file model04.pdb (PDB, C-alpha atoms)
MODEL        1
ATOM      1  CA  MET Y   1      -4.906  -5.433 -33.494  1.00  0.00           C
ATOM      2  CA  LYS Y   2      -3.042  -8.542 -32.351  1.00  0.00           C
ATOM      3  CA  ILE Y   3      -0.261  -9.859 -34.580  1.00  0.00           C
ATOM      4  CA  GLU Y   4      -0.899 -13.457 -35.602  1.00  0.00           C
ATOM      5  CA  ASN Y   5       1.798 -16.046 -34.843  1.00  0.00           C
ATOM      6  CA  LEU Y   6       3.699 -13.607 -32.614  1.00  0.00           C
ATOM      7  CA  VAL Y   7       6.769 -15.309 -31.134  1.00  0.00           C
ATOM      8  CA  ILE Y   8       7.373 -14.403 -27.505  1.00  0.00           C
ATOM      9  CA  SER Y   9      10.865 -15.235 -26.307  1.00  0.00           C
ATOM     10  CA  ILE Y  10      11.706 -16.819 -22.971  1.00  0.00           C
ATOM     11  CA  ASP Y  11      14.094 -13.879 -22.375  1.00  0.00           C
ATOM     12  CA  ASP Y  12      11.232 -11.359 -22.722  1.00  0.00           C
ATOM     13  CA  ILE Y  13       9.130 -13.343 -20.265  1.00  0.00           C
ATOM     14  CA  LYS Y  14      12.052 -13.682 -17.824  1.00  0.00           C
ATOM     15  CA  LYS Y  15      12.846  -9.942 -18.020  1.00  0.00           C
ATOM     16  CA  LEU Y  16       9.237  -8.986 -17.252  1.00  0.00           C
ATOM     17  CA  ARG Y  17       9.085 -11.647 -14.545  1.00  0.00           C
ATOM     18  CA  ASP Y  18      12.138 -10.066 -12.867  1.00  0.00           C
ATOM     19  CA  GLU Y  19      10.609  -6.593 -13.145  1.00  0.00           C
ATOM     20  CA  THR Y  20       7.071  -7.419 -12.026  1.00  0.00           C
ATOM     21  CA  GLY Y  21       7.132 -10.686 -10.078  1.00  0.00           C
ATOM     22  CA  VAL Y  22       3.976 -11.756 -11.960  1.00  0.00           C
ATOM     23  CA  SER Y  23       3.556 -15.400 -13.081  1.00  0.00           C
ATOM     24  CA  PRO Y  24       5.063 -16.350 -16.481  1.00  0.00           C
ATOM     25  CA  VAL Y  25       1.622 -17.425 -17.760  1.00  0.00           C
ATOM     26  CA  GLU Y  26       0.175 -13.944 -17.099  1.00  0.00           C
ATOM     27  CA  ILE Y  27       3.267 -12.277 -18.613  1.00  0.00           C
ATOM     28  CA  LYS Y  28       2.982 -14.362 -21.795  1.00  0.00           C
ATOM     29  CA  LYS Y  29      -0.704 -13.457 -22.059  1.00  0.00           C
ATOM     30  CA  ALA Y  30       0.074  -9.740 -21.555  1.00  0.00           C
ATOM     31  CA  LEU Y  31       2.899  -9.770 -24.133  1.00  0.00           C
ATOM     32  CA  ALA Y  32       0.615 -11.489 -26.666  1.00  0.00           C
ATOM     33  CA  GLU Y  33      -2.120  -8.900 -25.991  1.00  0.00           C
ATOM     34  CA  ALA Y  34       0.429  -6.064 -26.353  1.00  0.00           C
ATOM     35  CA  ASN Y  35       1.959  -7.491 -29.573  1.00  0.00           C
ATOM     36  CA  GLY Y  36       5.286  -8.035 -27.823  1.00  0.00           C
ATOM     37  CA  ASP Y  37       5.572  -4.454 -26.504  1.00  0.00           C
ATOM     38  CA  ALA Y  38       7.038  -4.830 -22.980  1.00  0.00           C
ATOM     39  CA  ASP Y  39       5.859  -1.402 -21.740  1.00  0.00           C
ATOM     40  CA  LYS Y  40       2.297  -2.025 -22.905  1.00  0.00           C
ATOM     41  CA  ALA Y  41       2.429  -5.515 -21.378  1.00  0.00           C
ATOM     42  CA  LYS Y  42       3.533  -4.020 -18.038  1.00  0.00           C
ATOM     43  CA  GLU Y  43       0.628  -1.572 -18.163  1.00  0.00           C
ATOM     44  CA  LEU Y  44      -1.785  -4.442 -18.902  1.00  0.00           C
ATOM     45  CA  LEU Y  45      -0.379  -6.437 -15.981  1.00  0.00           C
ATOM     46  CA  ARG Y  46      -0.846  -3.411 -13.731  1.00  0.00           C
ATOM     47  CA  ILE Y  47      -4.488  -3.047 -14.858  1.00  0.00           C
ATOM     48  CA  TRP Y  48      -5.095  -6.769 -14.431  1.00  0.00           C
ATOM     49  CA  GLY Y  49      -3.363  -6.531 -11.053  1.00  0.00           C
ATOM     50  CA  LYS Y  50      -5.922  -3.979  -9.874  1.00  0.00           C
ATOM     51  CA  LYS Y  51      -8.641  -6.403 -10.924  1.00  0.00           C
ATOM     52  CA  ILE Y  52      -6.895  -9.163  -8.976  1.00  0.00           C
ATOM     53  CA  VAL Y  53      -6.812  -6.912  -5.891  1.00  0.00           C
ATOM     54  CA  ASP Y  54     -10.559  -6.252  -6.165  1.00  0.00           C
ATOM     55  CA  LYS Y  55     -11.304  -9.990  -6.322  1.00  0.00           C
ATOM     56  CA  LYS Y  56      -8.908 -10.967  -3.540  1.00  0.00           C
ATOM     57  CA  ILE Y  57      -9.899  -8.300  -1.010  1.00  0.00           C
ATOM     58  CA  SER Y  58     -12.721 -10.379   0.491  1.00  0.00           C
ATOM     59  CA  ARG Y  59     -10.695 -13.579   0.938  1.00  0.00           C
ATOM     60  CA  GLU Y  60      -9.704 -14.695   4.433  1.00  0.00           C
ATOM     61  CA  THR Y  61      -6.171 -13.991   5.640  1.00  0.00           C
ATOM     62  CA  SER Y  62      -5.384 -16.728   8.166  1.00  0.00           C
ATOM     63  CA  GLN Y  63      -1.626 -17.034   7.487  1.00  0.00           C
ATOM     64  CA  GLY Y  64       1.158 -14.453   7.618  1.00  0.00           C
ATOM     65  CA  LEU Y  65       4.000 -13.401   9.842  1.00  0.00           C
ATOM     66  CA  ILE Y  66       5.075 -11.181  12.700  1.00  0.00           C
ATOM     67  CA  ASP Y  67       7.839  -8.887  11.526  1.00  0.00           C
ATOM     68  CA  PHE Y  68       9.876  -6.399  13.529  1.00  0.00           C
ATOM     69  CA  TYR Y  69      12.259  -3.517  13.072  1.00  0.00           C
ATOM     70  CA  LEU Y  70      14.711  -2.139  15.593  1.00  0.00           C
ATOM     71  CA  HIS Y  71      16.356   1.190  14.757  1.00  0.00           C
ATOM     72  CA  PRO Y  72      20.191   1.120  14.959  1.00  0.00           C
ATOM     73  CA  ASN Y  73      20.105   3.461  17.987  1.00  0.00           C
ATOM     74  CA  ALA Y  74      17.929   0.841  19.794  1.00  0.00           C
ATOM     75  CA  LYS Y  75      15.475   3.563  20.799  1.00  0.00           C
ATOM     76  CA  THR Y  76      12.705   2.904  18.252  1.00  0.00           C
ATOM     77  CA  GLY Y  77      11.127  -0.474  17.570  1.00  0.00           C
ATOM     78  CA  VAL Y  78       8.160  -1.801  15.584  1.00  0.00           C
ATOM     79  CA  LEU Y  79       6.157  -5.043  15.744  1.00  0.00           C
ATOM     80  CA  LEU Y  80       3.896  -5.831  12.784  1.00  0.00           C
ATOM     81  CA  ASP Y  81       1.217  -8.511  12.326  1.00  0.00           C
ATOM     82  CA  ILE Y  82       0.653  -8.841   8.574  1.00  0.00           C
ATOM     83  CA  ARG Y  83      -1.520 -11.568   7.026  1.00  0.00           C
ATOM     84  CA  CYS Y  84      -2.020 -13.389   3.736  1.00  0.00           C
ATOM     85  CA  GLU Y  85      -3.917 -16.511   2.668  1.00  0.00           C
ATOM     86  CA  THR Y  86      -1.245 -19.238   2.567  1.00  0.00           C
ATOM     87  CA  ASP Y  87       2.059 -20.259   4.186  1.00  0.00           C
ATOM     88  CA  PHE Y  88       3.574 -20.357   0.702  1.00  0.00           C
ATOM     89  CA  VAL Y  89       3.043 -16.603   0.215  1.00  0.00           C
ATOM     90  CA  ALA Y  90       3.923 -15.836   3.865  1.00  0.00           C
ATOM     91  CA  SER Y  91       7.408 -17.254   3.231  1.00  0.00           C
ATOM     92  CA  SER Y  92       7.854 -15.551  -0.173  1.00  0.00           C
ATOM     93  CA  PRO Y  93      10.488 -12.806  -0.650  1.00  0.00           C
ATOM     94  CA  GLU Y  94       7.807 -10.375  -1.939  1.00  0.00           C
ATOM     95  CA  PHE Y  95       5.702 -10.735   1.220  1.00  0.00           C
ATOM     96  CA  LYS Y  96       8.705 -10.508   3.559  1.00  0.00           C
ATOM     97  CA  ASN Y  97       9.965  -7.433   1.721  1.00  0.00           C
ATOM     98  CA  LEU Y  98       6.540  -5.779   2.006  1.00  0.00           C
ATOM     99  CA  ALA Y  99       6.461  -6.496   5.762  1.00  0.00           C
ATOM    100  CA  HIS Y 100       9.924  -4.939   6.149  1.00  0.00           C
ATOM    101  CA  GLU Y 101       8.955  -1.819   4.168  1.00  0.00           C
ATOM    102  CA  ILE Y 102       5.838  -1.357   6.316  1.00  0.00           C
ATOM    103  CA  CYS Y 103       7.915  -1.706   9.513  1.00  0.00           C
ATOM    104  CA  LEU Y 104      10.271   1.031   8.254  1.00  0.00           C
ATOM    105  CA  GLN Y 105       7.264   3.216   7.425  1.00  0.00           C
ATOM    106  CA  ILE Y 106       5.786   2.821  10.923  1.00  0.00           C
ATOM    107  CA  ALA Y 107       9.147   3.585  12.551  1.00  0.00           C
ATOM    108  CA  ALA Y 108       9.641   6.737  10.454  1.00  0.00           C
ATOM    109  CA  LEU Y 109       6.142   8.255  10.206  1.00  0.00           C
ATOM    110  CA  LYS Y 110       4.488   7.124  13.463  1.00  0.00           C
ATOM    111  CA  PRO Y 111       0.972   6.216  12.267  1.00  0.00           C
ATOM    112  CA  LEU Y 112      -1.587   5.714  15.034  1.00  0.00           C
ATOM    113  CA  PHE Y 113      -4.180   3.659  13.132  1.00  0.00           C
ATOM    114  CA  ILE Y 114      -4.168   1.199  10.234  1.00  0.00           C
ATOM    115  CA  SER Y 115      -6.863   2.999   8.196  1.00  0.00           C
ATOM    116  CA  GLU Y 116      -8.879   6.209   8.351  1.00  0.00           C
ATOM    117  CA  ASN Y 117     -12.118   4.391   9.139  1.00  0.00           C
ATOM    118  CA  GLN Y 118     -10.565   3.131  12.399  1.00  0.00           C
ATOM    119  CA  ILE Y 119     -10.117   6.645  13.789  1.00  0.00           C
ATOM    120  CA  PRO Y 120     -12.725   7.235  16.533  1.00  0.00           C
ATOM    121  CA  GLY Y 121     -14.816  10.405  16.154  1.00  0.00           C
ATOM    122  CA  GLU Y 122     -13.854  11.626  19.625  1.00  0.00           C
ATOM    123  CA  PHE Y 123     -10.187  11.318  18.649  1.00  0.00           C
ATOM    124  CA  LEU Y 124     -10.744  13.920  15.917  1.00  0.00           C
ATOM    125  CA  ASP Y 125     -12.779  16.271  18.133  1.00  0.00           C
ATOM    126  CA  GLY Y 126      -9.688  17.772  19.773  1.00  0.00           C
ATOM    127  CA  GLU Y 127      -7.973  18.366  16.436  1.00  0.00           C
ATOM    128  CA  THR Y 128     -11.155  19.900  14.971  1.00  0.00           C
ATOM    129  CA  LYS Y 129     -11.325  22.371  17.887  1.00  0.00           C
ATOM    130  CA  ILE Y 130      -7.673  23.362  17.367  1.00  0.00           C
ATOM    131  CA  TYR Y 131      -8.177  23.933  13.625  1.00  0.00           C
ATOM    132  CA  LYS Y 132     -11.406  25.864  14.213  1.00  0.00           C
ATOM    133  CA  ALA Y 133      -9.613  28.151  16.667  1.00  0.00           C
ATOM    134  CA  GLU Y 134      -6.759  28.666  14.176  1.00  0.00           C
ATOM    135  CA  ILE Y 135      -9.053  29.831  11.365  1.00  0.00           C
ATOM    136  CA  ALA Y 136     -11.848  31.467  13.408  1.00  0.00           C
ATOM    137  CA  ASN Y 137     -10.414  34.980  13.206  1.00  0.00           C
ATOM    138  CA  SER Y 138      -9.021  34.688   9.699  1.00  0.00           C
ATOM    139  CA  GLY Y 139     -11.725  36.972   8.259  1.00  0.00           C
ATOM    140  CA  LYS Y 140     -12.380  34.476   5.481  1.00  0.00           C
ATOM    141  CA  PRO Y 141     -15.971  33.750   4.309  1.00  0.00           C
ATOM    142  CA  GLU Y 142     -17.781  30.978   6.199  1.00  0.00           C
ATOM    143  CA  ASN Y 143     -17.949  28.591   3.224  1.00  0.00           C
ATOM    144  CA  LEU Y 144     -14.192  28.970   2.678  1.00  0.00           C
ATOM    145  CA  VAL Y 145     -13.535  28.374   6.388  1.00  0.00           C
ATOM    146  CA  ALA Y 146     -15.538  25.126   6.162  1.00  0.00           C
ATOM    147  CA  GLN Y 147     -13.464  24.008   3.149  1.00  0.00           C
ATOM    148  CA  ILE Y 148     -10.194  24.845   4.928  1.00  0.00           C
ATOM    149  CA  LEU Y 149     -11.319  22.933   8.015  1.00  0.00           C
ATOM    150  CA  GLU Y 150     -12.333  19.915   5.924  1.00  0.00           C
ATOM    151  CA  GLY Y 151      -8.973  19.956   4.128  1.00  0.00           C
ATOM    152  CA  LYS Y 152      -7.001  20.146   7.393  1.00  0.00           C
ATOM    153  CA  ILE Y 153      -8.962  17.262   8.937  1.00  0.00           C
ATOM    154  CA  LYS Y 154      -8.500  15.138   5.788  1.00  0.00           C
ATOM    155  CA  LYS Y 155      -4.747  15.786   5.810  1.00  0.00           C
ATOM    156  CA  TYR Y 156      -4.522  14.969   9.527  1.00  0.00           C
ATOM    157  CA  LYS Y 157      -6.450  11.693   9.079  1.00  0.00           C
ATOM    158  CA  GLU Y 158      -4.123  10.679   6.233  1.00  0.00           C
ATOM    159  CA  SER Y 159      -1.041  11.507   8.313  1.00  0.00           C
ATOM    160  CA  ILE Y 160      -2.048   9.219  11.209  1.00  0.00           C
ATOM    161  CA  SER Y 161      -3.422   6.332   9.080  1.00  0.00           C
ATOM    162  CA  LEU Y 162      -0.816   3.828   7.893  1.00  0.00           C
ATOM    163  CA  LEU Y 163      -2.591   2.834   4.649  1.00  0.00           C
ATOM    164  CA  ALA Y 164      -3.167   6.459   3.611  1.00  0.00           C
ATOM    165  CA  GLN Y 165       0.392   7.641   4.294  1.00  0.00           C
ATOM    166  CA  SER Y 166       2.730   8.386   1.404  1.00  0.00           C
ATOM    167  CA  TRP Y 167       5.430   5.729   1.197  1.00  0.00           C
ATOM    168  CA  ILE Y 168       8.737   7.071   2.551  1.00  0.00           C
ATOM    169  CA  LYS Y 169      10.638   5.660  -0.459  1.00  0.00           C
ATOM    170  CA  ASP Y 170       8.297   6.957  -3.182  1.00  0.00           C
ATOM    171  CA  ASP Y 171       5.757   9.640  -2.256  1.00  0.00           C
ATOM    172  CA  SER Y 172       3.788   9.034  -5.451  1.00  0.00           C
ATOM    173  CA  LYS Y 173       2.520   5.829  -3.778  1.00  0.00           C
ATOM    174  CA  THR Y 174       0.667   5.216  -0.534  1.00  0.00           C
ATOM    175  CA  ILE Y 175       1.159   2.182   1.716  1.00  0.00           C
ATOM    176  CA  LYS Y 176      -2.190   0.925   0.400  1.00  0.00           C
ATOM    177  CA  ASN Y 177      -0.704   1.116  -3.145  1.00  0.00           C
ATOM    178  CA  ILE Y 178       2.406  -0.913  -2.276  1.00  0.00           C
ATOM    179  CA  ILE Y 179       0.213  -3.548  -0.606  1.00  0.00           C
ATOM    180  CA  GLU Y 180      -1.947  -3.662  -3.765  1.00  0.00           C
ATOM    181  CA  ASP Y 181       1.203  -4.040  -5.905  1.00  0.00           C
ATOM    182  CA  THR Y 182       2.271  -7.039  -3.812  1.00  0.00           C
ATOM    183  CA  VAL Y 183      -1.242  -8.541  -3.967  1.00  0.00           C
ATOM    184  CA  ALA Y 184      -1.008  -8.316  -7.774  1.00  0.00           C
ATOM    185  CA  LYS Y 185       2.359 -10.118  -7.709  1.00  0.00           C
ATOM    186  CA  VAL Y 186       1.542 -12.913  -5.242  1.00  0.00           C
ATOM    187  CA  GLY Y 187      -2.139 -13.355  -6.144  1.00  0.00           C
ATOM    188  CA  GLU Y 188      -3.430 -13.360  -2.560  1.00  0.00           C
ATOM    189  CA  ASN Y 189      -5.230 -10.953  -0.266  1.00  0.00           C
ATOM    190  CA  ILE Y 190      -2.865  -9.174   2.153  1.00  0.00           C
ATOM    191  CA  GLU Y 191      -3.979  -7.391   5.295  1.00  0.00           C
ATOM    192  CA  VAL Y 192      -2.202  -5.448   8.027  1.00  0.00           C
ATOM    193  CA  LYS Y 193      -3.864  -6.757  11.203  1.00  0.00           C
ATOM    194  CA  ARG Y 194      -2.113  -4.685  13.862  1.00  0.00           C
ATOM    195  CA  PHE Y 195       1.122  -2.969  14.745  1.00  0.00           C
ATOM    196  CA  ALA Y 196       2.877  -1.447  17.729  1.00  0.00           C
ATOM    197  CA  ARG Y 197       5.554   1.224  17.730  1.00  0.00           C
ATOM    198  CA  TYR Y 198       7.839   1.738  20.706  1.00  0.00           C
ATOM    199  CA  GLU Y 199      10.095   4.713  21.316  1.00  0.00           C
ATOM    200  CA  ILE Y 200      12.364   5.819  24.136  1.00  0.00           C
TER     201      ILE Y 200
ENDMDL
END

call {"tool": "encode", "arguments": {"input": "model04.pdb", "output": "structure tokens"}}
result
Amino acid sequence: MKIENLVISIDDIKKLRDETGVSPVEIKKALAEANGDADKAKELLRIWGKKIVDKKISRETSQGLIDFYLHPNAKTGVLLDIRCETDFVASSPEFKNLAHEICLQIAALKPLFISENQIPGEFLDGETKIYKAEIANSGKPENLVAQILEGKIKKYKESISLLAQSWIKDDSKTIKNIIEDTVAKVGENIEVKRFARYEI
């Protein structure tokens, strides 16, 4: 039940703004809905953020930036083409920070594709043969072998797909999750268009 005439302080709004990056209007609305409880308001913003992501996903991403990362040893480098909807967001700290984090991820975990649905079937054929050979003589029942094979292929696909990889700084989140978090903050669709990783 909402408390009538609830006074929401500027300090509360500013604190949540600093923590979430969400607009003050949305923060005020969330605090009012949560009767001034900051934790509940954050949870509401997160839920609303997911709804924002769902709505934004179909919008065109014609702006953005090319970011890069060069490892201190100058033997690994990354180029990233990441897009959003407007120049305003492309120049925002949140968007630039996201681009940097994704560059670090690509340098460290060497993804081969942006998403799992981009992996060609023939690319997986070789891996499937290797896994089949590994578990062929295991003596396990056929239905269990099929489950093991499916699990290994799923794990492999996740390991080579950027969006499905666990974030190197917080393995409870995937790269897709940190993109969604930024979409919720900036209010625009964000899309990784392409990347290249170089290593000597």

call {"tool": "atom_distance", "arguments": {"input": "model04.pdb", "atom1": "atom CA of Ile160 of chain Y", "atom2": "atom CA of Ile135 of chain Y"}}
result
21.8 Å

call {"tool": "closest_residue", "arguments": {"input": "model04.pdb", "among": "Y:Glu150, Y:Glu199, Y:Glu26, Y:Glu134", "to": "Lys185 of chain Y", "atoms": "all atoms listed in the file"}}
result
Y:Glu26

call {"tool": "atom_distance", "arguments": {"input": "model04.pdb", "atom1": "atom CA of Ile148 of chain Y", "atom2": "atom CA of Leu162 of chain Y"}}
result
23.2 Å

call {"tool": "atom_distance", "arguments": {"input": "model04.pdb", "atom1": "atom CA of Leu163 of chain Y", "atom2": "atom CA of Phe68 of chain Y"}}
result
17.9 Å

call {"tool": "closest_residue", "arguments": {"input": "model04.pdb", "among": "Y:Lys14, Y:Gly139, Y:Ile8, Y:Leu124", "to": "Glu33 of chain Y", "atoms": "only C-alpha atoms"}}
result
Y:Ile8

call {"tool": "build_atoms", "arguments": {"input": "model04.pdb", "residues": "segment 156-182 of chain Y", "atoms": "N, CA and C atoms", "output": "PDB file, keeping the file's coordinate frame"}}
result
ATOM      1  N   TYR Y 156      -4.889  15.533   8.228  1.00  0.00           N
ATOM      2  CA  TYR Y 156      -4.522  14.969   9.527  1.00  0.00           C
ATOM      3  C   TYR Y 156      -4.839  13.468   9.574  1.00  0.00           C
ATOM      4  N   LYS Y 157      -6.048  13.103   9.084  1.00  0.00           N
ATOM      5  CA  LYS Y 157      -6.450  11.693   9.079  1.00  0.00           C
ATOM      6  C   LYS Y 157      -5.484  10.852   8.242  1.00  0.00           C
ATOM      7  N   GLU Y 158      -5.074  11.392   7.092  1.00  0.00           N
ATOM      8  CA  GLU Y 158      -4.123  10.679   6.233  1.00  0.00           C
ATOM      9  C   GLU Y 158      -2.767  10.518   6.923  1.00  0.00           C
ATOM     10  N   SER Y 159      -2.364  11.539   7.681  1.00  0.00           N
ATOM     11  CA  SER Y 159      -1.041  11.507   8.313  1.00  0.00           C
ATOM     12  C   SER Y 159      -0.951  10.490   9.449  1.00  0.00           C
ATOM     13  N   ILE Y 160      -2.088  10.159  10.081  1.00  0.00           N
ATOM     14  CA  ILE Y 160      -2.048   9.219  11.209  1.00  0.00           C
ATOM     15  C   ILE Y 160      -2.549   7.819  10.832  1.00  0.00           C
ATOM     16  N   SER Y 161      -2.925   7.630   9.553  1.00  0.00           N
ATOM     17  CA  SER Y 161      -3.422   6.332   9.080  1.00  0.00           C
ATOM     18  C   SER Y 161      -2.365   5.678   8.198  1.00  0.00           C
ATOM     19  N   LEU Y 162      -1.890   4.523   8.611  1.00  0.00           N
ATOM     20  CA  LEU Y 162      -0.816   3.828   7.893  1.00  0.00           C
ATOM     21  C   LEU Y 162      -1.109   3.664   6.402  1.00  0.00           C
ATOM     22  N   LEU Y 163      -2.285   3.133   6.055  1.00  0.00           N
ATOM     23  CA  LEU Y 163      -2.591   2.834   4.649  1.00  0.00           C
ATOM     24  C   LEU Y 163      -2.658   4.085   3.780  1.00  0.00           C
ATOM     25  N   ALA Y 164      -3.021   5.213   4.373  1.00  0.00           N
ATOM     26  CA  ALA Y 164      -3.167   6.459   3.611  1.00  0.00           C
ATOM     27  C   ALA Y 164      -1.868   7.255   3.511  1.00  0.00           C
ATOM     28  N   GLN Y 165      -0.868   6.890   4.303  1.00  0.00           N
ATOM     29  CA  GLN Y 165       0.392   7.641   4.294  1.00  0.00           C
ATOM     30  C   GLN Y 165       1.140   7.450   2.977  1.00  0.00           C
ATOM     31  N   SER Y 166       1.834   8.514   2.560  1.00  0.00           N
ATOM     32  CA  SER Y 166       2.730   8.386   1.404  1.00  0.00           C
ATOM     33  C   SER Y 166       3.913   7.526   1.816  1.00  0.00           C
ATOM     34  N   TRP Y 167       4.307   6.622   0.917  1.00  0.00           N
ATOM     35  CA  TRP Y 167       5.430   5.729   1.197  1.00  0.00           C
ATOM     36  C   TRP Y 167       6.707   6.538   1.299  1.00  0.00           C
ATOM     37  N   ILE Y 168       7.521   6.277   2.327  1.00  0.00           N
ATOM     38  CA  ILE Y 168       8.737   7.071   2.551  1.00  0.00           C
ATOM     39  C   ILE Y 168       9.755   6.941   1.414  1.00  0.00           C
ATOM     40  N   LYS Y 169       9.668   5.854   0.628  1.00  0.00           N
ATOM     41  CA  LYS Y 169      10.638   5.660  -0.459  1.00  0.00           C
ATOM     42  C   LYS Y 169      10.148   6.163  -1.810  1.00  0.00           C
ATOM     43  N   ASP Y 170       8.859   6.464  -1.916  1.00  0.00           N
ATOM     44  CA  ASP Y 170       8.297   6.957  -3.182  1.00  0.00           C
ATOM     45  C   ASP Y 170       6.954   7.623  -2.860  1.00  0.00           C
ATOM     46  N   ASP Y 171       6.972   8.958  -2.727  1.00  0.00           N
ATOM     47  CA  ASP Y 171       5.757   9.640  -2.256  1.00  0.00           C
ATOM     48  C   ASP Y 171       4.634   9.716  -3.297  1.00  0.00           C
ATOM     49  N   SER Y 172       4.889   9.111  -4.479  1.00  0.00           N
ATOM     50  CA  SER Y 172       3.788   9.034  -5.451  1.00  0.00           C
ATOM     51  C   SER Y 172       2.879   7.838  -5.131  1.00  0.00           C
ATOM     52  N   LYS Y 173       3.309   6.994  -4.181  1.00  0.00           N
ATOM     53  CA  LYS Y 173       2.520   5.829  -3.778  1.00  0.00           C
ATOM     54  C   LYS Y 173       2.181   5.903  -2.295  1.00  0.00           C
ATOM     55  N   THR Y 174       1.022   5.347  -1.948  1.00  0.00           N
ATOM     56  CA  THR Y 174       0.667   5.216  -0.534  1.00  0.00           C
ATOM     57  C   THR Y 174       1.016   3.789  -0.091  1.00  0.00           C
ATOM     58  N   ILE Y 175       0.927   3.538   1.211  1.00  0.00           N
ATOM     59  CA  ILE Y 175       1.159   2.182   1.716  1.00  0.00           C
ATOM     60  C   ILE Y 175       0.095   1.238   1.156  1.00  0.00           C
ATOM     61  N   LYS Y 176      -1.124   1.734   1.010  1.00  0.00           N
ATOM     62  CA  LYS Y 176      -2.190   0.925   0.400  1.00  0.00           C
ATOM     63  C   LYS Y 176      -1.769   0.498  -1.020  1.00  0.00           C
ATOM     64  N   ASN Y 177      -1.155   1.421  -1.779  1.00  0.00           N
ATOM     65  CA  ASN Y 177      -0.704   1.116  -3.145  1.00  0.00           C
ATOM     66  C   ASN Y 177       0.365   0.025  -3.169  1.00  0.00           C
ATOM     67  N   ILE Y 178       1.336   0.098  -2.225  1.00  0.00           N
ATOM     68  CA  ILE Y 178       2.406  -0.913  -2.276  1.00  0.00           C
ATOM     69  C   ILE Y 178       1.876  -2.284  -1.826  1.00  0.00           C
ATOM     70  N   ILE Y 179       0.860  -2.275  -0.970  1.00  0.00           N
ATOM     71  CA  ILE Y 179       0.213  -3.548  -0.606  1.00  0.00           C
ATOM     72  C   ILE Y 179      -0.511  -4.110  -1.831  1.00  0.00           C
ATOM     73  N   GLU Y 180      -1.234  -3.236  -2.550  1.00  0.00           N
ATOM     74  CA  GLU Y 180      -1.947  -3.662  -3.765  1.00  0.00           C
ATOM     75  C   GLU Y 180      -0.984  -4.197  -4.819  1.00  0.00           C
ATOM     76  N   ASP Y 181       0.190  -3.568  -4.949  1.00  0.00           N
ATOM     77  CA  ASP Y 181       1.203  -4.040  -5.905  1.00  0.00           C
ATOM     78  C   ASP Y 181       1.655  -5.459  -5.554  1.00  0.00           C
ATOM     79  N   THR Y 182       1.834  -5.714  -4.249  1.00  0.00           N
ATOM     80  CA  THR Y 182       2.271  -7.039  -3.812  1.00  0.00           C
ATOM     81  C   THR Y 182       1.155  -8.064  -3.991  1.00  0.00           C
TER      82      THR Y 182
END
